[in-house]
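Chemist: Below is final_37.cif; it holds mmCIF, C-alpha atoms.
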```
data_target
loop_
_atom_site.label_atom_id
_atom_site.label_comp_id
_atom_site.auth_asym_id
_atom_site.auth_seq_id
_atom_site.Cartn_x
_atom_site.Cartn_y
_atom_site.Cartn_z
CA MET F 1 88.61 89.39 60.07
CA ALA F 2 85.59 87.23 59.22
CA LEU F 3 84.55 84.54 61.66
CA PRO F 4 84.18 80.93 60.49
CA LEU F 5 80.63 79.89 59.62
CA LYS F 6 80.30 77.68 62.70
CA GLU F 7 81.28 80.51 65.03
CA ARG F 8 78.98 82.93 63.26
CA LYS F 9 76.12 80.51 63.79
CA SER F 10 76.99 80.25 67.47
CA PHE F 11 77.04 84.01 67.86
CA LEU F 12 73.75 84.28 66.01
CA LEU F 13 72.19 81.73 68.35
CA PHE F 14 73.57 83.59 71.37
CA LEU F 15 72.20 86.88 70.08
CA LEU F 16 68.80 85.33 69.38
CA LEU F 17 68.58 83.83 72.87
CA SER F 18 69.71 87.08 74.48
CA LEU F 19 67.20 89.02 72.39
CA GLY F 20 64.46 86.64 73.45
CA ASN F 21 65.30 87.22 77.11
CA VAL F 22 65.52 90.98 76.62
CA ILE F 23 62.07 90.97 75.00
CA LEU F 24 60.77 88.97 77.96
CA ILE F 25 62.25 91.49 80.38
CA SER F 26 60.98 94.46 78.41
CA MET F 27 57.45 93.03 78.49
CA GLN F 28 57.59 93.33 82.28
CA VAL F 29 59.00 96.86 82.42
CA PRO F 30 58.05 99.12 84.16
CA ARG F 31 55.44 97.07 85.99
CA GLY F 32 57.76 94.26 86.95
CA GLU F 33 55.34 92.64 89.36
CA ASP F 34 52.46 92.29 86.90
CA GLN F 35 51.85 89.00 85.21
CA THR F 36 51.85 88.58 81.48
CA LEU F 37 50.04 85.68 79.89
CA LEU F 38 53.37 84.07 79.03
CA LYS F 39 54.61 84.46 82.57
CA LYS F 40 51.40 83.01 83.95
CA ALA F 41 51.72 80.00 81.64
CA ILE F 42 55.36 79.33 82.51
CA LEU F 43 54.83 79.84 86.23
CA ALA F 44 51.74 77.66 86.24
CA GLY F 45 53.71 74.87 84.61
CA LEU F 46 56.76 75.09 86.82
CA THR F 47 55.53 75.82 90.31
CA PRO F 48 53.76 72.47 90.78
CA LEU F 49 57.06 70.83 89.87
CA GLN F 50 58.79 72.98 92.47
CA ALA F 51 56.24 72.00 95.08
CA ALA F 52 56.56 68.33 94.09
CA ALA F 53 60.35 68.40 94.31
CA VAL F 54 60.26 70.02 97.74
CA TRP F 55 57.59 67.60 98.86
CA THR F 56 59.69 64.66 97.66
CA GLY F 57 62.87 66.05 99.22
CA ARG F 58 61.19 66.65 102.55
CA GLY F 59 59.47 63.28 102.28
CA ILE F 60 62.78 61.50 101.95
CA ALA F 61 64.24 63.51 104.82
CA ASN F 62 61.21 62.75 106.98
CA PHE F 63 61.43 59.06 106.15
CA TRP F 64 65.03 58.98 107.33
CA GLU F 65 64.10 60.86 110.47
CA SER F 66 61.24 58.49 111.17
CA TYR F 67 63.56 55.57 110.72
CA LEU F 68 65.87 56.93 113.38
CA LEU F 69 63.27 58.04 115.87
CA TRP F 70 60.70 56.02 117.73
CA ARG F 71 57.49 56.12 115.81
CA ASP F 72 55.23 56.84 118.72
CA ILE F 73 57.33 59.67 120.02
CA ARG F 74 57.44 61.23 116.60
CA THR F 75 53.66 61.05 116.14
CA GLN F 76 53.10 62.45 119.58
CA ASN F 77 55.59 65.22 118.96
CA GLN F 78 54.01 66.07 115.64
CA ASN F 79 50.57 66.29 117.23
CA LEU F 80 51.88 68.48 119.98
CA ARG F 81 53.61 70.77 117.51
CA GLU F 82 50.45 71.09 115.48
CA GLU F 83 48.45 71.82 118.60
CA ASN F 84 51.06 74.31 119.69
CA PHE F 85 50.94 76.00 116.29
CA PHE F 86 47.20 76.59 116.55
CA LEU F 87 47.41 77.58 120.19
CA ARG F 88 49.91 80.29 119.41
CA GLN F 89 47.71 81.70 116.67
CA GLU F 90 44.77 81.59 119.05
CA ASN F 91 46.80 83.31 121.71
CA THR F 92 47.63 86.21 119.39
CA ILE F 93 44.02 86.72 118.45
CA LEU F 94 42.85 86.18 122.00
CA LYS F 95 44.99 89.10 123.14
CA ASN F 96 43.41 91.31 120.49
CA VAL F 97 39.90 90.23 121.27
CA LEU F 98 40.32 90.52 125.03
CA GLN F 99 41.44 94.06 124.54
CA LYS F 100 38.07 94.80 123.09
CA LEU F 101 36.48 93.38 126.28
CA GLU F 102 33.95 91.24 124.51
CA GLU F 103 31.79 88.65 126.15
CA GLU F 104 33.45 85.31 126.86
CA VAL F 105 30.97 83.30 124.83
CA LYS F 106 31.52 85.42 121.80
CA ILE F 107 35.27 85.07 122.20
CA ARG F 108 34.98 81.26 122.33
CA GLU F 109 32.82 81.20 119.23
CA ARG F 110 35.19 83.40 117.33
CA LEU F 111 38.25 81.43 118.41
CA ALA F 112 36.69 78.18 117.24
CA ARG F 113 35.91 79.77 113.89
CA PHE F 114 39.39 81.26 113.70
CA SER F 115 41.23 77.98 114.36
CA SER F 116 39.32 76.10 111.73
CA SER F 117 39.89 78.68 109.04
CA ILE F 118 43.63 79.31 109.36
CA ILE F 119 45.45 78.09 106.27
CA VAL F 120 48.66 76.32 107.20
CA ALA F 121 51.24 76.59 104.43
CA SER F 122 54.72 75.22 103.89
CA VAL F 123 57.59 77.37 102.69
CA ILE F 124 58.83 75.96 99.38
CA GLY F 125 61.16 78.67 98.14
CA THR F 126 63.04 81.83 98.95
CA ASP F 127 63.76 84.96 96.97
CA ALA F 128 66.59 84.55 94.46
CA GLY F 129 67.99 88.00 95.10
CA ASN F 130 67.59 88.44 98.83
CA ILE F 131 66.08 85.96 101.31
CA TYR F 132 64.70 88.84 103.42
CA LYS F 133 62.41 90.02 100.61
CA SER F 134 59.91 87.25 100.03
CA LEU F 135 59.00 83.59 100.45
CA ILE F 136 57.09 81.19 98.26
CA ILE F 137 54.44 79.06 99.94
CA ASN F 138 52.63 75.97 98.73
CA ARG F 139 49.14 77.46 98.91
CA GLY F 140 47.52 79.45 96.11
CA ARG F 141 44.25 80.39 94.49
CA ARG F 142 43.08 76.78 94.82
CA HIS F 143 43.22 77.24 98.61
CA GLU F 144 41.48 80.62 98.39
CA ILE F 145 44.62 82.61 98.99
CA LYS F 146 44.29 86.23 97.89
CA PRO F 147 46.68 89.18 97.78
CA ASP F 148 47.02 91.18 101.02
CA MET F 149 46.14 88.23 103.26
CA VAL F 150 48.10 88.46 106.51
CA VAL F 151 50.78 85.82 107.14
CA LEU F 152 52.04 84.87 110.61
CA ASP F 153 54.91 82.66 111.74
CA PRO F 154 54.28 79.56 113.94
CA GLN F 155 54.60 81.74 117.07
CA GLY F 156 51.88 84.13 115.88
CA ASN F 157 54.27 86.96 115.02
CA LEU F 158 53.66 89.01 111.91
CA LEU F 159 55.65 87.73 108.94
CA GLY F 160 54.17 89.75 106.08
CA ARG F 161 51.40 89.59 103.53
CA VAL F 162 50.52 87.70 100.38
CA ILE F 163 51.39 89.61 97.21
CA SER F 164 50.90 89.00 93.50
CA PRO F 165 51.37 86.72 91.71
CA VAL F 166 49.02 84.29 93.46
CA LEU F 167 49.08 81.17 91.33
CA GLU F 168 46.89 78.11 91.37
CA TRP F 169 49.01 76.16 93.85
CA THR F 170 51.58 78.64 95.12
CA SER F 171 51.87 82.25 96.16
CA ARG F 172 54.43 84.79 97.31
CA VAL F 173 54.67 86.37 100.75
CA GLN F 174 56.28 89.77 101.08
CA LEU F 175 58.24 89.84 104.33
CA LEU F 176 58.30 92.67 106.87
CA THR F 177 62.03 92.93 106.21
CA ASP F 178 61.58 93.78 102.52
CA GLU F 179 62.69 97.34 101.74
CA THR F 180 59.51 97.97 99.77
CA SER F 181 57.13 96.76 102.49
CA GLY F 182 55.30 99.21 104.71
CA VAL F 183 53.31 98.48 107.84
CA GLY F 184 51.48 100.95 110.04
CA ALA F 185 53.06 100.41 113.48
CA ILE F 186 52.75 101.64 117.05
CA THR F 187 54.98 101.17 120.08
CA ALA F 188 53.25 99.21 122.83
CA THR F 189 54.13 101.39 125.85
CA LYS F 190 54.40 104.97 124.61
CA GLY F 191 51.97 104.62 121.72
CA VAL F 192 54.26 106.32 119.21
CA MET F 193 53.14 105.70 115.66
CA GLY F 194 55.23 105.27 112.53
CA ILE F 195 55.70 103.24 109.38
CA LEU F 196 57.61 100.00 109.75
CA ARG F 197 59.66 99.05 106.70
CA GLY F 198 62.40 96.53 106.10
CA ASP F 199 66.05 97.35 105.57
CA GLY F 200 66.58 94.32 103.33
CA ARG F 201 69.07 92.87 105.81
CA GLY F 202 66.77 91.11 108.23
CA ARG F 203 65.86 94.17 110.32
CA CYS F 204 63.20 96.87 110.16
CA LEU F 205 63.15 100.64 110.54
CA LEU F 206 60.38 102.61 112.21
CA ASP F 207 60.09 105.66 109.96
CA TYR F 208 58.41 109.05 110.30
CA VAL F 209 58.72 109.32 114.08
CA LEU F 210 59.34 113.00 114.85
CA LEU F 211 62.17 114.05 117.13
CA SER F 212 59.58 115.84 119.25
CA SER F 213 57.59 112.63 119.86
CA PRO F 214 57.74 110.92 123.29
CA GLU F 215 60.98 109.17 124.24
CA ILE F 216 61.10 105.57 123.00
CA GLU F 217 63.14 103.04 124.93
CA VAL F 218 65.22 100.20 123.54
CA GLY F 219 63.37 96.91 124.06
CA GLU F 220 59.91 98.42 123.69
CA GLU F 221 57.54 96.23 121.72
CA VAL F 222 56.25 97.31 118.30
CA LEU F 223 52.75 96.26 117.19
CA THR F 224 50.71 96.83 114.06
CA SER F 225 48.56 99.96 114.31
CA GLY F 226 45.93 98.97 111.74
CA MET F 227 46.24 102.35 110.07
CA ASP F 228 47.41 100.87 106.77
CA LYS F 229 44.08 99.08 106.27
CA ILE F 230 45.91 95.83 105.47
CA TYR F 231 47.24 94.56 108.77
CA PRO F 232 44.91 94.46 111.78
CA ALA F 233 45.91 96.34 114.90
CA GLY F 234 47.81 94.61 117.70
CA LEU F 235 49.87 92.01 115.87
CA PRO F 236 53.37 91.70 117.35
CA ASP F 237 56.08 92.88 114.93
CA GLY F 238 59.27 93.12 116.95
CA ARG F 239 61.26 95.10 119.51
CA ILE F 240 63.08 98.42 119.29
CA SER F 241 66.80 97.67 119.03
CA SER F 242 68.19 101.20 118.74
CA VAL F 243 67.05 104.83 118.70
CA LYS F 244 69.32 107.41 117.11
CA SER F 245 69.17 110.88 115.67
CA ASP F 246 70.88 111.77 112.39
CA GLY F 247 70.15 115.48 112.40
CA SER F 248 66.93 115.19 110.39
CA LEU F 249 63.39 115.88 111.59
CA PHE F 250 62.83 112.23 112.34
CA LYS F 251 64.33 109.71 114.72
CA LYS F 252 66.28 106.79 113.30
CA ILE F 253 64.71 103.76 114.96
CA SER F 254 65.77 100.16 114.31
CA VAL F 255 63.44 97.28 115.05
CA GLU F 256 64.44 93.65 115.48
CA PRO F 257 61.55 91.62 114.05
CA TYR F 258 60.25 88.72 116.12
CA PHE F 259 60.11 86.18 113.33
CA ARG F 260 63.13 84.02 112.61
CA LEU F 261 63.62 83.27 108.94
CA ASN F 262 66.36 80.71 109.37
CA GLY F 263 64.75 77.27 109.16
CA LEU F 264 61.19 78.60 108.83
CA VAL F 265 59.15 75.76 107.35
CA GLN F 266 55.54 76.48 108.23
CA VAL F 267 53.47 79.66 108.21
CA ALA F 268 49.84 80.57 108.89
CA VAL F 269 47.81 82.51 106.35
CA ILE F 270 44.82 84.31 107.79
CA PRO F 271 42.11 84.01 105.16
CA PHE F 272 39.81 86.70 106.50
CA ASP F 273 39.88 90.29 107.60
CA LEU F 274 41.10 90.29 111.20
CA LYS F 275 39.80 93.81 111.65
CA ASN F 276 36.26 92.46 111.55
CA PHE F 277 37.08 89.45 113.66
CA MET W 1 70.99 60.48 71.88
CA ARG W 2 73.74 60.34 74.49
CA SER W 3 74.90 63.81 73.47
CA LEU W 4 71.51 65.15 74.50
CA ALA W 5 71.14 62.99 77.58
CA GLU W 6 74.12 64.36 79.51
CA PRO W 7 73.17 68.05 79.39
CA LEU W 8 69.54 67.18 80.03
CA ILE W 9 70.34 65.03 83.08
CA ALA W 10 72.79 67.66 84.37
CA LEU W 11 70.12 70.34 84.02
CA ILE W 12 67.46 68.25 85.75
CA VAL W 13 69.84 67.43 88.62
CA ALA W 14 70.74 71.13 88.94
CA VAL W 15 67.07 72.16 89.01
CA VAL W 16 66.16 69.59 91.66
CA LEU W 17 69.16 70.51 93.83
CA GLN W 18 68.37 74.22 93.47
CA ILE W 19 64.71 73.69 94.47
CA ILE W 20 65.64 71.61 97.51
CA TRP W 21 68.48 73.95 98.53
CA ARG W 22 66.23 77.01 98.49
CA SER W 23 63.13 75.33 99.90
CA THR W 24 63.91 76.30 103.50
CA PRO W 25 65.05 79.84 104.29
CA SER W 26 68.60 79.93 105.58
CA TYR W 27 71.40 82.46 105.80
CA LEU W 28 73.36 80.09 103.60
CA ASN W 29 70.81 80.03 100.75
CA ASP W 30 72.92 82.39 98.65
CA LEU W 31 76.04 80.27 99.03
CA PHE W 32 75.16 77.85 96.23
CA ASN W 33 73.52 78.35 92.88
CA PHE W 34 73.27 74.87 91.45
CA LEU W 35 71.80 76.21 88.21
CA SER W 36 74.96 78.24 87.58
CA VAL W 37 77.03 75.15 88.34
CA GLY W 38 74.95 73.14 85.85
CA VAL W 39 75.28 75.78 83.13
CA ILE W 40 79.05 76.08 83.59
CA TYR W 41 79.47 72.31 83.57
CA ILE W 42 77.35 71.83 80.45
CA ALA W 43 78.91 74.79 78.61
CA ALA W 44 82.43 73.54 79.33
CA SER W 45 81.64 70.02 78.23
CA ARG W 46 79.38 70.77 75.25
CA GLY W 47 80.51 74.12 73.90
CA GLU W 48 79.01 77.57 73.61
CA ARG W 49 75.93 76.67 71.58
CA VAL W 50 74.58 74.11 74.00
CA GLY W 51 75.83 76.31 76.83
CA ALA W 52 73.79 79.27 75.63
CA VAL W 53 70.63 77.22 75.11
CA VAL W 54 70.92 75.45 78.47
CA GLY W 55 71.86 78.75 80.13
CA SER W 56 68.76 80.40 78.76
CA LEU W 57 66.60 77.50 79.92
CA ALA W 58 68.19 77.33 83.37
CA GLY W 59 67.84 81.08 83.80
CA LEU W 60 64.17 81.05 82.89
CA ILE W 61 63.63 78.18 85.32
CA GLN W 62 65.38 80.14 88.06
CA ASP W 63 63.20 83.19 87.35
CA SER W 64 60.07 81.04 87.40
CA LEU W 65 60.96 79.26 90.63
CA THR W 66 61.36 82.55 92.47
CA LEU W 67 58.28 84.17 90.87
CA ARG W 68 60.50 87.08 89.86
CA VAL W 69 61.04 89.02 86.63
CA LEU W 70 61.12 86.50 83.83
CA GLY W 71 64.18 86.78 81.60
CA LEU W 72 66.57 88.43 84.05
CA ALA W 73 68.43 85.27 85.03
CA GLY W 74 67.59 83.95 81.54
CA LEU W 75 69.75 86.65 79.98
CA THR W 76 72.63 86.41 82.46
CA LYS W 77 72.80 82.64 82.32
CA THR W 78 72.70 82.72 78.50
CA CYS W 79 75.79 84.95 78.68
CA LEU W 80 77.33 82.61 81.25
CA GLY W 81 76.75 79.50 79.12
CA PHE W 82 77.96 81.11 75.93
CA GLY W 83 80.97 82.77 77.58
CA VAL W 84 82.17 79.66 79.38
CA GLY W 85 81.71 77.49 76.28
CA LEU W 86 83.63 79.92 74.11
CA VAL W 87 86.48 80.53 76.55
CA PHE W 88 86.80 76.82 77.31
CA ARG W 89 87.17 76.06 73.60
CA LYS W 90 89.62 78.87 72.88
CA LEU W 91 91.90 78.57 75.90
CA ASN W 92 93.64 75.67 77.51
CA LEU W 93 91.74 75.24 80.75
CA GLN W 94 92.58 71.62 81.43
CA PRO W 95 94.53 72.16 84.70
CA PHE W 96 92.19 72.30 87.70
CA GLU W 97 93.44 75.71 88.93
CA ARG W 98 92.83 77.36 85.56
CA LYS W 99 89.36 75.87 85.38
CA LEU W 100 88.60 77.05 88.89
CA LEU W 101 89.79 80.57 88.09
CA ALA W 102 87.92 80.80 84.78
CA PHE W 103 84.67 79.34 86.15
CA THR W 104 84.79 81.56 89.25
CA LEU W 105 85.38 84.64 87.13
CA ALA W 106 82.52 83.70 84.82
CA ALA W 107 80.17 83.14 87.76
CA PHE W 108 81.31 86.43 89.31
CA LEU W 109 80.55 88.29 86.08
CA GLU W 110 77.14 86.62 85.97
CA THR W 111 76.43 87.80 89.53
CA LEU W 112 77.54 91.33 88.67
CA ILE W 113 75.41 91.53 85.51
CA TRP W 114 72.38 90.07 87.32
CA SER W 115 72.76 92.53 90.21
CA GLY W 116 73.26 95.47 87.85
CA LEU W 117 70.24 94.66 85.71
CA ALA W 118 68.05 93.92 88.72
CA PHE W 119 69.02 97.23 90.30
CA LEU W 120 68.88 99.41 87.20
CA ILE W 121 65.68 98.10 85.65
CA PHE W 122 63.64 96.87 88.59
CA ALA W 123 65.22 98.68 91.55
CA MET W 124 65.83 95.30 93.21
CA THR W 125 68.72 95.76 95.62
CA PRO W 126 71.06 92.75 95.66
CA PRO W 127 72.21 91.60 99.12
CA ALA W 128 75.65 93.17 98.76
CA TRP W 129 76.14 92.94 102.56
CA SER W 130 75.80 89.15 102.48
CA LEU W 131 79.07 87.24 102.49
CA ALA W 132 77.29 84.16 101.13
CA PHE W 133 76.17 86.19 98.10
CA TRP W 134 79.74 87.17 97.23
CA LEU W 135 81.07 83.68 97.93
CA GLN W 136 78.55 82.19 95.52
CA PRO W 137 80.74 82.64 92.39
CA LEU W 138 83.61 80.89 94.15
CA THR W 139 81.46 77.96 95.30
CA SER W 140 79.84 77.69 91.85
CA GLY W 141 83.27 77.76 90.19
CA PHE W 142 84.64 75.21 92.62
CA VAL W 143 81.74 72.74 92.38
CA ALA W 144 81.68 73.03 88.57
CA SER W 145 85.47 72.45 88.39
CA VAL W 146 85.23 69.38 90.64
CA CYS W 147 82.31 67.97 88.62
CA PHE W 148 84.20 68.55 85.38
CA GLN W 149 87.34 66.96 86.77
CA LEU W 150 85.37 63.89 87.87
CA ARG W 151 83.72 63.69 84.46
CA ASN W 152 87.11 63.76 82.74
CA ARG W 153 88.47 61.08 85.05
CA TRP W 154 85.43 58.91 84.45
CA ALA W 155 85.71 59.40 80.66
CA THR W 156 89.42 58.47 80.73
CA GLU W 157 88.76 55.33 82.76
CA GLU W 158 85.94 54.32 80.42
CA SER W 159 88.04 54.75 77.28
CA ALA W 160 90.90 52.81 78.87
#
```
Could you render the structure as structure tokens?

Modeler:
Amino acid sequence: MALPLKERKSFLLFLLLSLGNVILISMQVPRGEDQTLLKKAILAGLTPLQAAAVWTGRGIANFWESYLLWRDIRTQNQNLREENFFLRQENTILKNVLQKLEEEVKIRERLARFSSSIIVASVIGTDAGNIYKSLIINRGRRHEIKPDMVVLDPQGNLLGRVISPVLEWTSRVQLLTDETSGVGAITATKGVMGILRGDGRGRCLLDYVLLSSPEIEVGEEVLTSGMDKIYPAGLPDGRISSVKSDGSLFKKISVEPYFRLNGLVQVAVIPFDLKNF
Amino acid sequence: MRSLAEPLIALIVAVVLQIIWRSTPSYLNDLFNFLSVGVIYIAASRGERVGAVVGSLAGLIQDSLTLRVLGLAGLTKTCLGFGVGLVFRKLNLQPFERKLLAFTLAAFLETLIWSGLAFLIFAMTPPAWSLAFWLQPLTSGFVASVCFQLRNRWATEESA
């Protein structure tokens, strides 16, 4: 049974559009993360709009908030929050530096340099498939963001790292909780090393810890080990939430990450190699 | 001109709502997909051709906003727009319950196709454990049905 001309045209249009999308997809297979020229062009055009829309939305929300709150209190609160943000970052680094037992003067110098070079970024988007995979922030190449830069939450806990694509005004942050992430980690008390990877559900797993390794207790802190050559040693990741054995050579260790994704608005990008800090 | 204005405005509104909704991470992020709502609404009101074109556009915008594989949502939303437009023209979906059922089913199929493609081609695991993710088709279907119902009421009042 032949279709009427109008319906045939509709089907043809549908097939053409589908084909166009399939071609687009196939251009990104198997290296789905790489950027094609077309992708770069489309992303470059759209992400500023995304940032602008978020900025406008938050601006309106802030205006309403300001209307309801006393202006002075709000300003004071904002200043304190900003100060607190930097202090927490400083505190994290201070712990690391103190461990190295460096001279006080040197520490002060380094801290001053550190504070002034942190890039504060706003979260403007979440992953379409799974919010525990990645975030989009409003800082990009223009702000000297590069892949593999370490990203911390406002409390100074490890959040993840910057991954491609880094665009002119925006970039993507791979979270610790992403299944494909991998961080060299060490437990703070027993010094047991492993690879921390996400489970895609908001938690992490500490892999490759042999059954014969020292006993790990629930509640023990997990830090970065620095062995992966991306993350510097000593950054707080989370706490052990359970230790089990499934009959394999390795322990099954769950880690509750410190960062809280719900309502996360601001993050800190560390624009230099903390290992040399 | 007016025939173009409605889908265009609906698409712009959907894009803005989607950007704002997903701008702050929340466990409820997956509950709404305003772009799917927009595509369903436009496809039902303008037919499969406009539905497919707007679906393709909305999908590509969704892919771009999340810096993910370009074309994945483009393809699924093209199917969504075309499917809804075609079914809406062929069947009598005027009662609210029928609309709700058809739109929810269409959005559910879209979610399934998206998840399948993402998993098979790019090994991206969809958040199958998330209740919000599975409720998304229902919320999309419901919001689109309500919007369509309001549009019909408004059109009836205007013609009267």

Chemist: Pick from W:Leu8, W:Trp154, W:Leu17, W:Ala44: nearest to Lys90 in chain W, with all atoms listed in the file counted?

Modeler: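 Between W:Leu8, W:Trp154, W:Leu17, W:Ala44, the residue approaching Lys90 in chain W most closely is W:Ala44.
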
Chemist: Skipping near chain neighbours, those fewer than 3 positions away, what residues fall within 9 Å of Leu17 in chain F using all atoms listed in the file, listed as a ChimeraX atom specification?

Modeler: /F:12-14,20-22 /W:52-53,56,74-75,78

Chemist: At a cut-off of 10 Å, using all atoms listed in the file, what residues contact Ala107 in chain W? Leave out same-chain residues fewer than 4 positions from it and give the result as a list in words.

Modeler: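 Neighbouring residues, sequence-local ones excluded: Asn33, Ser36, Val37, Val39, Ile40, Thr76, Lys77, Leu80, Gly81, Val84, Leu101, Ala102, Phe103, Thr111, Leu112, Ile113, Gln136, Pro137, Leu138, Thr139, Ser140 and Gly141 of chain W.
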
Chemist: Show me, as a list in words, every residue of chain W with an atom at most 6 Å from chain F, counting all atoms listed in the file.

Modeler: Ile20, Arg22, Ser23, Thr24, Pro25, Ser26, Arg49, Ser64, Thr66, Gly71, Gly74, Leu75, Pro126 and Pro127 of chain W

Chemist: Excluding same-chain residues fewer than 4 positions from Thr125 in chain W, what lies within 8 Å of it counting only C-alpha atoms, as a CSV table (one decimal) with C-alpha atoms, in the frame of the given file?

Modeler:
```csv
chain,number,residue,atom,x,y,z
F,129,GLY,CA,68.0,88.0,95.1
W,115,SER,CA,72.8,92.5,90.2
W,118,ALA,CA,68.0,93.9,88.7
W,119,PHE,CA,69.0,97.2,90.3
```

Chemist: Please indicate the distance in Å from CA of Gly226 in chain F to CA of Met149 in chain F, rounded to one decimal place.

Modeler: 13.7 Å

Chemist: CA of Val143 in chain W to CA of Thr104 in chain W: how many Å, to one decimal?

Modeler: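 CA of Val143 in chain W sits 9.8 Å away from CA of Thr104 in chain W.
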
Chemist: Counting only C-alpha atoms, which of W:Ile42, W:Leu57, W:Ile12, W:Val69 gets nearest to Ala123 in chain W?

Modeler: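 Of W:Ile42, W:Leu57, W:Ile12, W:Val69, the one nearest Ala123 in chain W, counting only C-alpha atoms, is W:Val69.
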
Chemist: Find the distance between CA of Ile19 in chain W and CA of Val87 in chain W and write it in Å to one decimal.

Modeler: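 Going from CA of Ile19 in chain W over to CA of Val87 in chain W covers 29.0 Å.
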
Chemist: Here's the selection I'm unsure about, the PyMOL selection byres ((chain F and resi 228) around 12); applied to the file above, which residues does it give, as a VMD selection string?

Modeler: chain F and resid 148 181 to 186 193 to 196 224 to 227 229 to 233 275

Chemist: Box along x, y and z, 3 Å on every side, all listed atoms of range 81-95 of chain F inside: centre and edge lengths in Å to one decimal, as lines of an AutoDock Vina configuration file.

Modeler:
```
center_x = 48.2
center_y = 79.9
center_z = 119.3
size_x = 16.8
size_y = 24.3
size_z = 13.7
```

Chemist: Residues within 6 Å of range 83-96 of chain F, please, as a PDB file with C-alpha atoms, in the frame of the given file. Count all atoms listed in the file; anything in the same chain fewer than 6 positions from it doesn't count.

Modeler:
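This is the output file selection.pdb:
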```pdb
ATOM      1  CA  PRO F 154      54.280  79.560 113.940  1.00  0.00           C
ATOM      2  CA  GLN F 155      54.600  81.740 117.070  1.00  0.00           C
ATOM      3  CA  GLY F 156      51.880  84.130 115.880  1.00  0.00           C
TER       4      GLY F 156
END
```
